[in-house]
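Colleague: Just one file: protein-v9.txt, with compact mmCIF, C-alpha atoms.
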```txt
# COMPACT_ATOMS: atom_id res chain seq x y z
CA MET A 1 4.41 35.10 66.06
CA THR A 2 0.98 34.67 67.65
CA SER A 3 0.46 38.43 67.24
CA LEU A 4 0.32 37.91 63.46
CA LEU A 5 -2.21 35.07 63.56
CA GLY A 6 -5.20 35.93 61.38
CA LYS A 7 -3.54 39.00 59.90
CA THR A 8 -4.45 39.44 56.22
CA VAL A 9 -2.98 41.69 53.54
CA SER A 10 -3.97 42.27 49.93
CA VAL A 11 -1.27 43.15 47.40
CA LYS A 12 -1.49 44.52 43.86
CA VAL A 13 1.60 44.65 41.63
CA PRO A 14 1.86 46.00 38.07
CA ALA A 15 3.36 44.34 35.03
CA THR A 16 6.53 45.95 33.72
CA SER A 17 8.46 46.30 30.51
CA ALA A 18 12.22 46.53 30.80
CA ASN A 19 14.91 47.88 28.46
CA LEU A 20 12.47 49.96 26.33
CA GLY A 21 14.83 49.53 23.40
CA PRO A 22 18.22 51.11 24.14
CA GLY A 23 18.04 51.15 27.95
CA PHE A 24 19.34 47.61 28.42
CA ASP A 25 19.26 46.46 32.08
CA THR A 26 18.63 50.08 33.11
CA LEU A 27 15.22 51.41 32.09
CA GLY A 28 11.84 49.99 33.03
CA MET A 29 8.22 51.07 32.99
CA ALA A 30 5.22 49.98 35.07
CA LEU A 31 2.05 49.13 33.17
CA SER A 32 -1.62 49.10 34.23
CA PHE A 33 -1.93 45.30 34.23
CA TYR A 34 -1.89 43.70 37.66
CA ASP A 35 -1.32 40.50 39.58
CA GLU A 36 -3.22 40.41 42.88
CA LEU A 37 -2.45 38.47 46.02
CA GLN A 38 -4.07 37.91 49.40
CA VAL A 39 -1.98 36.51 52.25
CA THR A 40 -3.30 35.36 55.64
CA VAL A 41 -1.25 34.18 58.61
CA VAL A 42 -2.55 30.79 59.81
CA GLU A 43 -1.80 28.31 62.59
CA GLY A 44 1.34 26.18 62.34
CA ASN A 45 4.28 26.49 59.97
CA SER A 46 2.77 25.19 56.73
CA VAL A 47 2.24 27.21 53.56
CA PHE A 48 -0.82 26.78 51.34
CA VAL A 49 -0.93 28.41 47.90
CA ASP A 50 -3.96 28.75 45.63
CA VAL A 51 -3.25 30.16 42.16
CA GLU A 52 -5.90 31.37 39.71
CA GLY A 53 -5.19 32.56 36.19
CA GLU A 54 -1.65 32.63 34.79
CA GLY A 55 0.54 29.90 36.22
CA ALA A 56 -2.33 27.84 37.64
CA GLY A 57 -1.32 24.17 37.58
CA GLU A 58 2.25 25.14 36.65
CA VAL A 59 3.85 27.11 39.47
CA ALA A 60 4.73 25.58 42.83
CA THR A 61 2.03 25.67 45.52
CA ASP A 62 4.30 25.12 48.52
CA GLU A 63 7.40 26.77 49.99
CA ASN A 64 9.05 26.61 46.55
CA ASN A 65 6.59 29.14 45.15
CA LEU A 66 8.46 32.33 44.18
CA VAL A 67 6.08 34.57 46.13
CA VAL A 68 6.55 32.41 49.23
CA LYS A 69 10.32 32.49 48.76
CA ALA A 70 10.19 36.29 48.63
CA ILE A 71 8.11 36.45 51.81
CA ALA A 72 10.48 34.05 53.58
CA HIS A 73 13.53 35.98 52.35
CA THR A 74 12.09 39.22 53.72
CA PHE A 75 11.20 37.74 57.10
CA ALA A 76 14.68 36.21 57.38
CA LYS A 77 16.37 39.47 56.39
CA PHE A 78 14.75 41.19 59.35
CA ASN A 79 15.24 38.25 61.72
CA GLN A 80 11.54 37.46 61.99
CA PRO A 81 10.25 33.88 62.28
CA MET A 82 8.31 32.71 59.25
CA PRO A 83 4.65 31.98 60.12
CA GLY A 84 2.18 29.61 58.50
CA LEU A 85 0.55 31.23 55.50
CA LEU A 86 -2.44 30.92 53.21
CA LEU A 87 -1.85 32.60 49.83
CA LYS A 88 -4.51 33.25 47.22
CA ALA A 89 -3.03 34.58 43.98
CA HIS A 90 -4.96 35.93 41.01
CA ASN A 91 -2.48 36.32 38.15
CA ILE A 92 -3.04 37.95 34.77
CA ILE A 93 0.54 38.89 33.85
CA PRO A 94 1.56 36.28 31.26
CA HIS A 95 4.55 34.11 32.16
CA GLY A 96 7.63 34.02 29.95
CA ARG A 97 6.45 36.85 27.71
CA GLY A 98 8.67 39.77 28.77
CA MET A 99 6.15 41.55 31.00
CA GLY A 100 7.95 41.08 34.30
CA SER A 101 5.97 38.17 35.75
CA SER A 102 8.86 36.89 37.89
CA GLY A 103 9.64 40.41 39.08
CA ALA A 104 5.97 40.88 39.97
CA ALA A 105 6.02 37.63 41.98
CA VAL A 106 9.13 38.72 43.87
CA VAL A 107 7.69 42.17 44.58
CA SER A 108 4.33 40.65 45.61
CA GLY A 109 6.06 38.58 48.27
CA ILE A 110 8.20 41.41 49.58
CA ILE A 111 5.28 43.85 49.76
CA ALA A 112 3.11 41.20 51.43
CA ALA A 113 5.82 40.68 54.06
CA LYS A 114 6.10 44.44 54.53
CA GLY A 115 2.36 44.61 55.21
CA LEU A 116 2.39 41.67 57.61
CA LEU A 117 5.32 43.13 59.52
CA ASP A 118 3.88 46.64 59.66
CA GLY A 119 4.41 48.04 63.15
CA ILE A 120 7.10 45.45 63.86
CA VAL A 121 9.71 46.22 61.19
CA GLU A 122 10.18 49.43 59.21
CA MET A 123 11.28 48.96 55.60
CA THR A 124 12.59 51.82 53.49
CA ALA A 125 12.35 52.09 49.71
CA ASP A 126 16.04 51.17 49.53
CA ASP A 127 15.37 48.07 51.65
CA LEU A 128 12.60 46.97 49.31
CA LEU A 129 14.70 47.45 46.18
CA GLU A 130 17.67 45.63 47.72
CA LEU A 131 15.51 42.66 48.73
CA ALA A 132 13.91 42.46 45.29
CA THR A 133 17.23 42.76 43.46
CA GLU A 134 18.76 39.99 45.60
CA LEU A 135 16.01 37.66 44.44
CA GLU A 136 15.56 38.85 40.85
CA GLY A 137 19.25 39.40 40.07
CA HIS A 138 18.89 42.87 38.57
CA PRO A 139 16.73 45.92 39.39
CA ASP A 140 15.37 46.99 35.98
CA ASN A 141 12.04 45.11 36.34
CA VAL A 142 11.55 45.19 40.10
CA ALA A 143 12.13 48.95 40.41
CA PRO A 144 9.10 49.96 38.32
CA ALA A 145 7.05 47.13 39.85
CA LEU A 146 7.80 48.52 43.30
CA PHE A 147 7.59 52.23 42.62
CA GLY A 148 5.64 52.72 39.38
CA GLY A 149 6.27 55.09 36.51
CA LEU A 150 9.43 55.13 34.44
CA THR A 151 12.47 54.09 36.44
CA ILE A 152 16.19 54.37 35.87
CA ALA A 153 17.97 51.65 37.86
CA TRP A 154 21.65 51.27 38.61
CA GLU A 155 23.93 49.71 41.20
CA ASP A 156 26.84 51.19 43.14
CA ASP A 157 28.93 50.23 46.16
CA ASN A 158 25.88 50.74 48.38
CA GLY A 159 23.64 48.42 46.35
CA PRO A 160 20.83 48.97 43.84
CA ARG A 161 19.42 52.46 43.33
CA HIS A 162 16.59 53.94 41.29
CA LYS A 163 15.11 57.20 40.09
CA LYS A 164 11.40 57.40 39.32
CA LEU A 165 10.20 59.71 36.56
CA PHE A 166 6.69 60.64 35.44
CA VAL A 167 5.89 59.88 31.81
CA HIS A 168 4.37 62.45 29.44
CA ARG A 169 0.58 62.04 29.39
CA GLY A 170 0.59 61.55 25.60
CA VAL A 171 2.64 58.34 25.77
CA SER A 172 0.29 55.40 25.09
CA PRO A 173 1.77 51.92 25.63
CA LEU A 174 0.66 48.95 23.58
CA VAL A 175 1.88 45.43 24.36
CA LEU A 176 1.48 42.74 21.70
CA VAL A 177 1.59 39.31 23.35
CA PRO A 178 2.08 36.03 21.45
CA ASP A 179 0.93 32.63 22.69
CA HIS A 180 4.49 31.30 22.96
CA LYS A 181 7.10 31.91 25.65
CA MET A 182 10.74 32.95 25.67
CA SER A 183 13.29 31.95 28.27
CA THR A 184 15.01 34.97 29.81
CA ALA A 185 18.10 32.82 30.40
CA LEU A 186 18.17 31.84 26.72
CA ALA A 187 17.72 35.44 25.62
CA ARG A 188 20.61 36.56 27.83
CA SER A 189 22.83 33.75 26.56
CA LEU A 190 22.62 35.20 23.06
CA GLN A 191 24.13 38.47 24.26
CA PRO A 192 27.85 38.94 23.43
CA ASP A 193 30.34 39.81 26.17
CA SER A 194 31.40 42.94 24.32
CA VAL A 195 30.00 45.19 21.60
CA PRO A 196 31.66 47.58 19.10
CA HIS A 197 32.54 51.02 20.41
CA ASP A 198 30.27 52.71 17.87
CA ASP A 199 27.31 50.63 19.01
CA ALA A 200 27.96 51.52 22.65
CA VAL A 201 28.05 55.24 21.83
CA PHE A 202 24.92 54.84 19.72
CA ASN A 203 23.01 53.32 22.63
CA VAL A 204 24.21 55.91 25.12
CA SER A 205 22.85 58.65 22.86
CA ARG A 206 19.53 56.86 22.32
CA SER A 207 19.06 56.10 26.01
CA ALA A 208 19.54 59.77 26.86
CA LEU A 209 17.15 60.75 24.08
CA LEU A 210 14.59 58.19 25.27
CA ILE A 211 14.33 59.83 28.69
CA ALA A 212 13.63 63.17 27.00
CA ALA A 213 11.10 61.56 24.65
CA LEU A 214 9.18 59.77 27.42
CA VAL A 215 9.15 62.69 29.83
CA GLN A 216 8.86 65.69 27.54
CA SER A 217 8.87 65.02 23.77
CA PRO A 218 6.92 61.91 22.67
CA GLU A 219 7.36 62.89 19.01
CA LEU A 220 10.98 61.69 19.35
CA LEU A 221 10.06 58.15 20.44
CA LEU A 222 10.78 56.43 17.12
CA ALA A 223 14.37 57.70 16.97
CA ALA A 224 14.81 57.32 20.73
CA THR A 225 13.95 53.60 20.76
CA GLU A 226 16.65 52.55 18.28
CA ASP A 227 18.97 49.91 19.71
CA ARG A 228 22.22 48.18 18.76
CA LEU A 229 23.04 46.59 22.08
CA HIS A 230 20.79 43.54 22.51
CA GLN A 231 17.77 43.18 20.22
CA ALA A 232 19.59 42.21 17.02
CA TYR A 233 21.55 39.49 18.83
CA ARG A 234 18.33 37.90 20.08
CA ALA A 235 16.35 38.26 16.85
CA ALA A 236 17.14 34.78 15.52
CA ALA A 237 15.55 33.21 18.59
CA MET A 238 12.39 35.31 18.13
CA PRO A 239 11.82 35.62 14.37
CA ASP A 240 8.14 36.60 14.63
CA THR A 241 8.94 39.22 17.25
CA ASP A 242 11.69 40.67 15.08
CA ALA A 243 9.51 40.67 11.97
CA LEU A 244 6.68 42.44 13.80
CA ILE A 245 9.03 45.07 15.19
CA GLN A 246 10.45 45.75 11.73
CA LEU A 247 6.93 46.04 10.27
CA LEU A 248 5.84 48.49 12.94
CA ARG A 249 9.00 50.60 12.86
CA THR A 250 8.94 50.78 9.05
CA ASN A 251 5.49 52.29 9.41
CA GLY A 252 6.63 54.87 11.96
CA HIS A 253 5.76 53.15 15.25
CA ALA A 254 8.26 53.01 18.15
CA ALA A 255 8.26 49.23 18.64
CA VAL A 256 10.80 47.33 20.76
CA VAL A 257 11.17 43.95 22.43
CA SER A 258 9.42 44.00 25.80
CA GLY A 259 11.97 42.79 28.34
CA ALA A 260 13.52 39.54 27.14
CA GLY A 261 10.56 38.99 24.78
CA PRO A 262 8.81 37.62 22.91
CA SER A 263 6.16 40.33 23.46
CA VAL A 264 6.48 43.61 21.58
CA LEU A 265 6.09 46.98 23.28
CA VAL A 266 4.93 49.96 21.22
CA LEU A 267 5.43 53.40 22.77
CA ALA A 268 2.90 55.44 20.82
CA SER A 269 2.88 59.22 21.10
CA ASP A 270 -0.93 59.36 21.41
CA PRO A 271 -3.95 56.99 21.59
CA ALA A 272 -4.78 57.34 17.89
CA GLU A 273 -1.30 56.21 16.85
CA ARG A 274 -1.58 53.28 19.25
CA LEU A 275 -4.78 52.09 17.56
CA GLU A 276 -3.08 52.31 14.17
CA ALA A 277 -0.20 50.18 15.47
CA ALA A 278 -2.59 47.58 16.92
CA LYS A 279 -4.50 47.34 13.63
CA LEU A 280 -1.27 46.98 11.65
CA ALA A 281 -0.01 44.23 13.95
CA ALA A 282 -3.31 42.36 13.62
CA THR A 283 -2.93 42.18 9.83
CA LYS A 284 0.30 40.22 10.20
CA TYR A 285 -0.19 38.40 13.50
CA PRO A 286 -3.94 38.15 14.22
CA THR A 287 -3.46 35.65 17.09
CA TRP A 288 -1.29 38.00 19.14
CA LYS A 289 -3.16 39.68 21.98
CA ALA A 290 -3.14 43.49 21.93
CA LEU A 291 -3.09 45.10 25.39
CA LEU A 292 -3.85 48.84 25.30
CA LEU A 293 -2.45 49.95 28.64
CA ALA A 294 -1.59 53.04 30.63
CA VAL A 295 1.59 53.79 32.53
CA ASP A 296 1.07 52.80 36.16
CA PHE A 297 2.32 55.56 38.47
CA LYS A 298 1.63 53.94 41.86
CA GLY A 299 3.64 50.75 41.74
CA ALA A 300 2.99 47.95 44.22
CA THR A 301 0.34 48.58 46.87
CA VAL A 302 -0.62 46.71 50.05
CA VAL A 303 -3.80 46.91 52.14
CA LEU A 304 -4.06 45.54 55.68
CA HIS A 305 -7.41 43.96 56.59
CA GLN A 306 -8.75 43.97 60.12
CA LYS A 307 -9.34 40.66 61.88
CA ASN A 308 -13.00 39.80 62.36
CA ASP A 309 -14.56 38.30 65.45
CA ALA A 310 -13.50 34.81 64.43
CA GLY A 311 -9.88 35.90 64.42
CA PHE A 312 -9.53 36.30 60.65
```
For this file, produce the structure as structure tokens.

Modeller:
Amino acid sequence: MTSLLGKTVSVKVPATSANLGPGFDTLGMALSFYDELQVTVVEGNSVFVDVEGEGAGEVATDENNLVVKAIAHTFAKFNQPMPGLLLKAHNIIPHGRGMGSSGAAVVSGIIAAKGLLDGIVEMTADDLLELATELEGHPDNVAPALFGGLTIAWEDDNGPRHKKLFVHRGVSPLVLVPDHKMSTALARSLQPDSVPHDDAVFNVSRSALLIAALVQSPELLLAATEDRLHQAYRAAAMPDTDALIQLLRTNGHAAVVSGAGPSVLVLASDPAERLEAAKLAATKYPTWKALLLAVDFKGATVVLHQKNDAGF
């Protein structure tokens, strides 16, 4: 592994919003809000992690760090020895808010490993998605984090798969972020094992309509984001989130729970409507942070830095 000594990569990974209303565990969207990471191979076998921003003082700073676990998992998958590492993370994606922070951490590690192993191991898009899904448990957040845009994710006998779509330029995402967290595990525990047949048919129709609305007809977003599969079951655990969604939807805004919550995603059909939604939300919940974002179309990126004369 001496050939990697001093090798440095910089990684940038977007936040994501999964489900988008009716597309439970299937649809996800990458947003222009990024965690950044720099990884350098150092002498020995130790791992040093420095975290700035979100998660500082909370997340592990050794081999138990999720980014480090993702790097180690990737190296092991391709039968490469794990080197000593120095990680410097600058995080802005809020933790436990439904914006894909854990998925971003997993993808950051995998993409960092891909960059470090460039020229030694070739990794396909399918490889990346499989690695990320193994660690995250499901592909709906990691697919858009990896590939950008709007993604449809599914799994078959050959593993996780995805299709990337480009979103209509009029679609203007707004994420409303509270100062409290929501456990994804808790949110999932509130989901029933089965739902009524009518509700299942309802969501199939809305999911199909949502693709059309996001890609071609943003004026259909309000109807297309209706859901009967998961949001109502979780509402009691997130009363403020539910109340804000009802307020926004009553006033014509396509508001949904972002991921497992408690953040709210508004899929506005143009920037003016997005501003109206943000102002309306502020009247009811002035402490919630309003993030006026774009759809990220690149997904995760990695840049390899050249070693300098000192070997770094």

Colleague: Using Å and a single decimal, report how far atom CA of Lys279 of chain A sits from atom CA of Val175 of chain A.

Modeller: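 Atom CA of Lys279 of chain A lies at a distance of 12.6 Å from atom CA of Val175 of chain A.
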
Colleague: Considering only C-alpha atoms, can you say which of A:Ser102, A:Asn91, A:Gln216, A:Thr26 comes closest to Lys69 of chain A?

Modeller: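 So, comparing all the options, the nearest one is A:Ser102.
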
Colleague: What does the structure give for the distance between atom CA of Phe297 of chain A and atom CA of Val67 of chain A, in Å to one decimal?

Modeller: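 Atom CA of Val67 of chain A lies at a distance of 22.7 Å from atom CA of Phe297 of chain A.
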
Colleague: Mind pulling up the distance from atom CA of Leu5 of chain A to atom CA of Val47 of chain A?

Modeller: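 About the pair atom CA of Val47 of chain A and atom CA of Leu5 of chain A: they are 13.5 Å apart.
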
Colleague: My list of candidates is A:Thr225, A:Thr74, A:Thr151, A:Thr241. Which is closest to Glu130 of chain A when distances are computed with only C-alpha atoms?

Modeller: A:Thr74

Colleague: Can you pull out every residue within 6 Å of Asp140 of chain A, counting only C-alpha atoms, but drop anything in the same chain fewer than 3 positions away, and send it as an MDAnalysis selection string?

Modeller: chainID A and resid 25:28 143 153
